[in-house]
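S.K.: There's a structure below that I have some questions on.
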Amino acid sequence: MGAVYLVRHGQASFGKADYDALSETGFEQARVLGESLRSRLPRPDALFTGSLRRHRETAEACQSTWGVDLRLQSLPGFDEFDQDELIRLHTPRYADPATLRQELMTTADPRRAFQELFTQAVARWVNGQHDAEYQETWSAFRQRCTQALDTVLKTLGPSATGVVFTSGGPITAVCQELLHLPDEHAFRINWMLTNCGVTKLIYSERGRYLSTLNEHAHFEGARRALITYR
């Protein structure tokens, strides 16, 4: 039996011009994860990332303390959906991201304000009633994420172990497939995924199964300040 560990990237740079870069907290989260994996998973067979900067930076920072020197294999199928497009189509005045940043900074809690907006934008995307407006529909996104997982399993072969550094959306799509969740409930998973949390899948010739979801014990206790969701 083989295993695939899906790692959500470290905290990105919310409110900055380049969201895709990790924040200082994000780098620290990745390094702490690497320390945890050093004893838990000392010899994986392969490492994969999406093609985004935050995926690569998370993987590299994690490797710096993990002690695993494997080449990172990039799979764009594990990239996140286009957050900017979802928000723009939900609220057209945010076609300029600077407008959104400026308005958020005037709220009492910018992160909470963004989360409320983002939740509404995702719901509009997932319900399928506006598919013609999106470059990538929810169903197409879900399909490319599961196909990316197929590629990982084919690359690994039987009884191997791989780690994928990705985003919350692909993890949600894969878990929805494994748990047979309806579309309207899928993003209940996404909202609770922690940065640098770990989701484990196991696979064999009989199928693929969700073993654990959103593990983040490496941040509990003295390091609980590293638990973030956005």
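Chains: A, B, ... in order of the structure tokens. Residues: from 1 per chain. Ligands: from 1, in order shown.
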As a PyMOL selection string, list the residues of segment 45-105 of chain A assigned to helix (DSSP H, G or I) by DSSP on the backbone atoms of this structure.
M.R.: chain A and resi 53-66+76-78+83-90+92-95+97-104
S.K.: So that I can see what lies close to Ile189 of chain A, please list as an mmCIF file with N, CA and C atoms, in the first residue's frame the residues with an atom at most 10 Å from it, counting only C-alpha atoms and leaving out residues fewer than 6 positions away in the same chain.
M.R.:
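For reference, part_32.cif as written:
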data_model
loop_
_atom_site.group_PDB
_atom_site.id
_atom_site.type_symbol
_atom_site.label_atom_id
_atom_site.label_comp_id
_atom_site.auth_asym_id
_atom_site.auth_seq_id
_atom_site.Cartn_x
_atom_site.Cartn_y
_atom_site.Cartn_z
ATOM 1 N N GLY A 168 -5.311 24.856 -0.904
ATOM 2 C CA GLY A 168 -6.532 24.330 -0.309
ATOM 3 C C GLY A 168 -7.543 23.840 -1.324
ATOM 4 N N GLY A 169 -7.640 24.522 -2.468
ATOM 5 C CA GLY A 169 -8.613 24.120 -3.479
ATOM 6 C C GLY A 169 -8.379 22.720 -4.008
ATOM 7 N N ILE A 171 -6.728 20.273 -2.609
ATOM 8 C CA ILE A 171 -6.959 19.317 -1.522
ATOM 9 C C ILE A 171 -8.460 19.096 -1.345
ATOM 10 N N THR A 172 -9.228 20.178 -1.403
ATOM 11 C CA THR A 172 -10.685 20.075 -1.307
ATOM 12 C C THR A 172 -11.247 19.215 -2.422
ATOM 13 N N ALA A 173 -10.787 19.452 -3.659
ATOM 14 C CA ALA A 173 -11.304 18.702 -4.805
ATOM 15 C C ALA A 173 -11.008 17.212 -4.679
ATOM 16 N N CYS A 175 -10.407 15.517 -1.856
ATOM 17 C CA CYS A 175 -11.184 14.956 -0.743
ATOM 18 C C CYS A 175 -12.652 14.794 -1.115
ATOM 19 N N GLN A 176 -13.197 15.754 -1.868
ATOM 20 C CA GLN A 176 -14.584 15.617 -2.306
ATOM 21 C C GLN A 176 -14.763 14.339 -3.118
ATOM 22 N N LEU A 213 -7.095 13.922 7.593
ATOM 23 C CA LEU A 213 -7.415 15.209 6.979
ATOM 24 C C LEU A 213 -6.903 16.356 7.848
ATOM 25 N N ASN A 214 -6.111 17.240 7.252
ATOM 26 C CA ASN A 214 -5.734 18.495 7.899
ATOM 27 C C ASN A 214 -4.983 18.298 9.214
#
S.K.: Quick one: residues within 7 Å of Thr194 of chain A, only C-alpha atoms counted, chain neighbours fewer than 2 positions away excluded, as a list in words?
M.R.: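 Skipping anything fewer than 2 positions along the chain leaves Met192, Cys196, Gly197, Asn214, Ile227, Thr228 and Tyr229 of chain A.
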S.K.: Just checking: using only C-alpha atoms, which residue out of A:Phe114, A:Val68, A:Pro44, A:Ser159 ends up closest to Tyr94 of chain A?
M.R.: A:Phe114
S.K.: Which is closer to Glu28 of chain A than all the others in A:Ala59, A:Ala46, A:Leu156, A:Val4, using only C-alpha atoms?
M.R.: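 Using only C-alpha atoms, Glu28 of chain A sits closest to A:Ala59.
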S.K.: Need to verify the contact set: segment 125-135 of chain A, 12 Å, only C-alpha atoms, exclusion of same-chain residues closer than 6 positions in sequence. Can you return it as a PyMOL selection string?
M.R.: chain A and resi 81-90+118-119+141-142+169+173+182-187
S.K.: Take the residues from that selection and write them out as a compact mmCIF listing (two decimals), in the first residue's frame, keeping N, CA, C and O atoms.
M.R.:
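Result file is result_18.txt:
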# COMPACT_ATOMS: atom_id res chain seq x y z
N PHE A 81 -7.24 27.49 -7.94
CA PHE A 81 -8.12 28.16 -8.90
C PHE A 81 -7.81 29.66 -8.90
O PHE A 81 -7.11 30.17 -8.02
N ASP A 82 -8.35 30.36 -9.88
CA ASP A 82 -8.08 31.79 -10.05
C ASP A 82 -8.95 32.59 -9.09
O ASP A 82 -10.08 32.97 -9.40
N GLN A 83 -8.40 32.86 -7.93
CA GLN A 83 -9.13 33.60 -6.89
C GLN A 83 -9.56 34.98 -7.38
O GLN A 83 -10.68 35.44 -7.10
N ASP A 84 -8.68 35.65 -8.12
CA ASP A 84 -9.00 37.00 -8.60
C ASP A 84 -10.20 36.99 -9.53
O ASP A 84 -11.05 37.88 -9.47
N GLU A 85 -10.27 35.97 -10.40
CA GLU A 85 -11.40 35.89 -11.31
C GLU A 85 -12.71 35.67 -10.56
O GLU A 85 -13.73 36.30 -10.85
N LEU A 86 -12.68 34.80 -9.57
CA LEU A 86 -13.90 34.52 -8.79
C LEU A 86 -14.41 35.79 -8.12
O LEU A 86 -15.62 36.07 -8.14
N ILE A 87 -13.51 36.55 -7.54
CA ILE A 87 -13.90 37.77 -6.84
C ILE A 87 -14.38 38.83 -7.83
O ILE A 87 -15.39 39.50 -7.60
N ARG A 88 -13.68 38.96 -8.96
CA ARG A 88 -14.04 39.97 -9.97
C ARG A 88 -15.43 39.71 -10.55
O ARG A 88 -16.22 40.63 -10.74
N LEU A 89 -15.75 38.44 -10.81
CA LEU A 89 -17.05 38.12 -11.39
C LEU A 89 -18.17 38.24 -10.36
O LEU A 89 -19.31 38.52 -10.71
N HIS A 90 -17.83 38.04 -9.10
CA HIS A 90 -18.82 38.22 -8.04
C HIS A 90 -19.06 39.70 -7.77
O HIS A 90 -20.21 40.13 -7.56
N PHE A 118 -14.98 36.16 -0.09
CA PHE A 118 -14.45 35.00 -0.79
C PHE A 118 -15.43 33.83 -0.73
O PHE A 118 -15.64 33.11 -1.72
N THR A 119 -16.06 33.62 0.42
CA THR A 119 -17.04 32.55 0.58
C THR A 119 -18.19 32.73 -0.40
O THR A 119 -18.65 31.77 -1.04
N PHE A 141 -12.07 22.40 -12.84
CA PHE A 141 -11.02 22.48 -11.82
C PHE A 141 -10.90 21.17 -11.06
O PHE A 141 -9.80 20.63 -10.87
N ARG A 142 -12.03 20.65 -10.65
CA ARG A 142 -12.03 19.39 -9.90
C ARG A 142 -11.43 18.27 -10.73
O ARG A 142 -10.64 17.45 -10.23
N GLY A 169 -7.64 24.52 -2.47
CA GLY A 169 -8.61 24.12 -3.48
C GLY A 169 -8.38 22.72 -4.01
O GLY A 169 -9.31 21.89 -4.03
N ALA A 173 -10.79 19.45 -3.66
CA ALA A 173 -11.30 18.70 -4.81
C ALA A 173 -11.01 17.21 -4.68
O ALA A 173 -11.87 16.36 -4.97
N PRO A 182 -21.33 16.15 -2.03
CA PRO A 182 -21.99 17.00 -3.04
C PRO A 182 -21.25 18.33 -3.16
O PRO A 182 -20.59 18.78 -2.21
N ASP A 183 -21.38 18.96 -4.32
CA ASP A 183 -20.66 20.21 -4.57
C ASP A 183 -20.93 21.26 -3.51
O ASP A 183 -20.01 21.97 -3.08
N GLU A 184 -22.18 21.38 -3.08
CA GLU A 184 -22.53 22.45 -2.15
C GLU A 184 -21.90 22.28 -0.77
O GLU A 184 -21.87 23.21 0.03
N HIS A 185 -21.38 21.08 -0.49
CA HIS A 185 -20.74 20.84 0.81
C HIS A 185 -19.22 20.76 0.73
O HIS A 185 -18.55 20.74 1.77
N ALA A 186 -18.68 20.71 -0.47
CA ALA A 186 -17.25 20.45 -0.63
C ALA A 186 -16.39 21.48 0.09
O ALA A 186 -15.40 21.14 0.74
N PHE A 187 -16.76 22.77 -0.03
CA PHE A 187 -15.87 23.79 0.52
C PHE A 187 -15.97 23.92 2.04
O PHE A 187 -15.26 24.74 2.62
S.K.: Neighbouring residues of Phe219 of chain A were defined as those with any atom within 12 Å, considering only C-alpha atoms; residues of the same chain fewer than 3 positions away were excluded. Please report them as number ranges by chain.
M.R.: A: 25, 28-36, 194-198, 214-216, 222-228
S.K.: Taking 5 positions as the minimum chain separation for residues in the same chain, which residues sit within 10 Å of His55 of chain A when counting only C-alpha atoms? Answer as a CSV table (one decimal) with N, CA, C and O atoms, in the first residue's frame.
M.R.:
chain,number,residue,atom,x,y,z
A,7,VAL,N,0.1,18.6,1.2
A,7,VAL,CA,0.5,19.7,2.1
A,7,VAL,C,-0.1,21.0,1.6
A,7,VAL,O,0.3,21.4,0.5
A,8,ARG,N,-0.9,21.7,2.4
A,8,ARG,CA,-1.3,23.0,2.0
A,8,ARG,C,-0.1,24.0,2.3
A,8,ARG,O,0.6,23.9,3.3
A,9,HIS,N,0.1,24.9,1.4
A,9,HIS,CA,1.2,25.8,1.4
A,9,HIS,C,1.2,26.7,2.7
A,9,HIS,O,0.1,26.8,3.4
A,10,GLY,N,2.3,27.2,3.1
A,10,GLY,CA,2.4,28.1,4.2
A,10,GLY,C,1.6,29.4,4.0
A,10,GLY,O,1.2,29.7,2.8
A,12,ALA,N,0.4,32.8,2.9
A,12,ALA,CA,0.9,33.7,1.8
A,12,ALA,C,0.8,35.2,2.3
A,12,ALA,O,0.5,35.4,3.5
A,20,ASP,N,1.3,35.8,-3.8
A,20,ASP,CA,1.8,34.4,-4.0
A,20,ASP,C,3.1,34.2,-3.1
A,20,ASP,O,3.5,33.0,-3.0
A,21,ALA,N,3.8,35.2,-2.7
A,21,ALA,CA,5.0,35.0,-1.9
A,21,ALA,C,4.6,34.6,-0.4
A,21,ALA,O,3.6,35.1,0.1
A,22,LEU,N,5.3,33.7,0.2
A,22,LEU,CA,5.1,33.4,1.6
A,22,LEU,C,5.4,34.6,2.5
A,22,LEU,O,6.3,35.4,2.2
A,48,PHE,N,6.4,16.6,-5.0
A,48,PHE,CA,5.8,17.3,-6.1
A,48,PHE,C,5.3,18.6,-5.6
A,48,PHE,O,5.0,18.8,-4.4
A,49,THR,N,5.1,19.6,-6.5
A,49,THR,CA,4.5,20.9,-6.2
A,49,THR,C,3.6,21.3,-7.3
A,49,THR,O,3.7,20.8,-8.4
A,50,GLY,N,2.7,22.2,-7.0
A,50,GLY,CA,2.0,23.0,-8.0
A,50,GLY,C,3.1,23.9,-8.6
A,50,GLY,O,4.2,23.9,-8.2
A,60,GLU,N,10.6,24.2,-0.5
A,60,GLU,CA,12.0,24.5,-0.2
A,60,GLU,C,12.3,24.8,1.2
A,60,GLU,O,13.3,24.3,1.8
A,74,SER,N,7.3,19.6,-10.7
A,74,SER,CA,6.2,20.5,-10.8
A,74,SER,C,5.0,20.0,-11.6
A,74,SER,O,5.2,19.5,-12.7
A,78,PHE,N,-2.0,20.9,-9.9
A,78,PHE,CA,-2.2,21.1,-8.4
A,78,PHE,C,-2.2,22.6,-8.1
A,78,PHE,O,-2.1,23.0,-6.9
A,79,ASP,N,-2.3,23.5,-9.1
A,79,ASP,CA,-2.4,24.9,-8.9
A,79,ASP,C,-3.8,25.2,-8.3
A,79,ASP,O,-4.7,24.5,-8.6
A,80,GLU,N,-3.8,26.3,-7.6
A,80,GLU,CA,-5.1,26.8,-7.1
A,80,GLU,C,-5.9,27.4,-8.2
A,80,GLU,O,-5.4,27.8,-9.3
A,164,VAL,N,3.0,16.1,-1.8
A,164,VAL,CA,2.6,17.1,-2.8
A,164,VAL,C,2.4,18.4,-2.0
A,164,VAL,O,1.6,18.5,-1.1
A,165,PHE,N,3.1,19.5,-2.4
A,165,PHE,CA,2.9,20.8,-1.9
A,165,PHE,C,1.9,21.6,-2.8
A,165,PHE,O,2.3,21.9,-3.9
A,166,THR,N,0.7,21.9,-2.3
A,166,THR,CA,-0.3,22.5,-3.1
A,166,THR,C,-1.1,23.5,-2.3
A,166,THR,O,-0.6,24.1,-1.4
A,167,SER,N,-2.4,23.7,-2.7
A,167,SER,CA,-3.2,24.7,-2.1
A,167,SER,C,-4.5,24.0,-1.6
A,167,SER,O,-4.8,22.9,-1.8
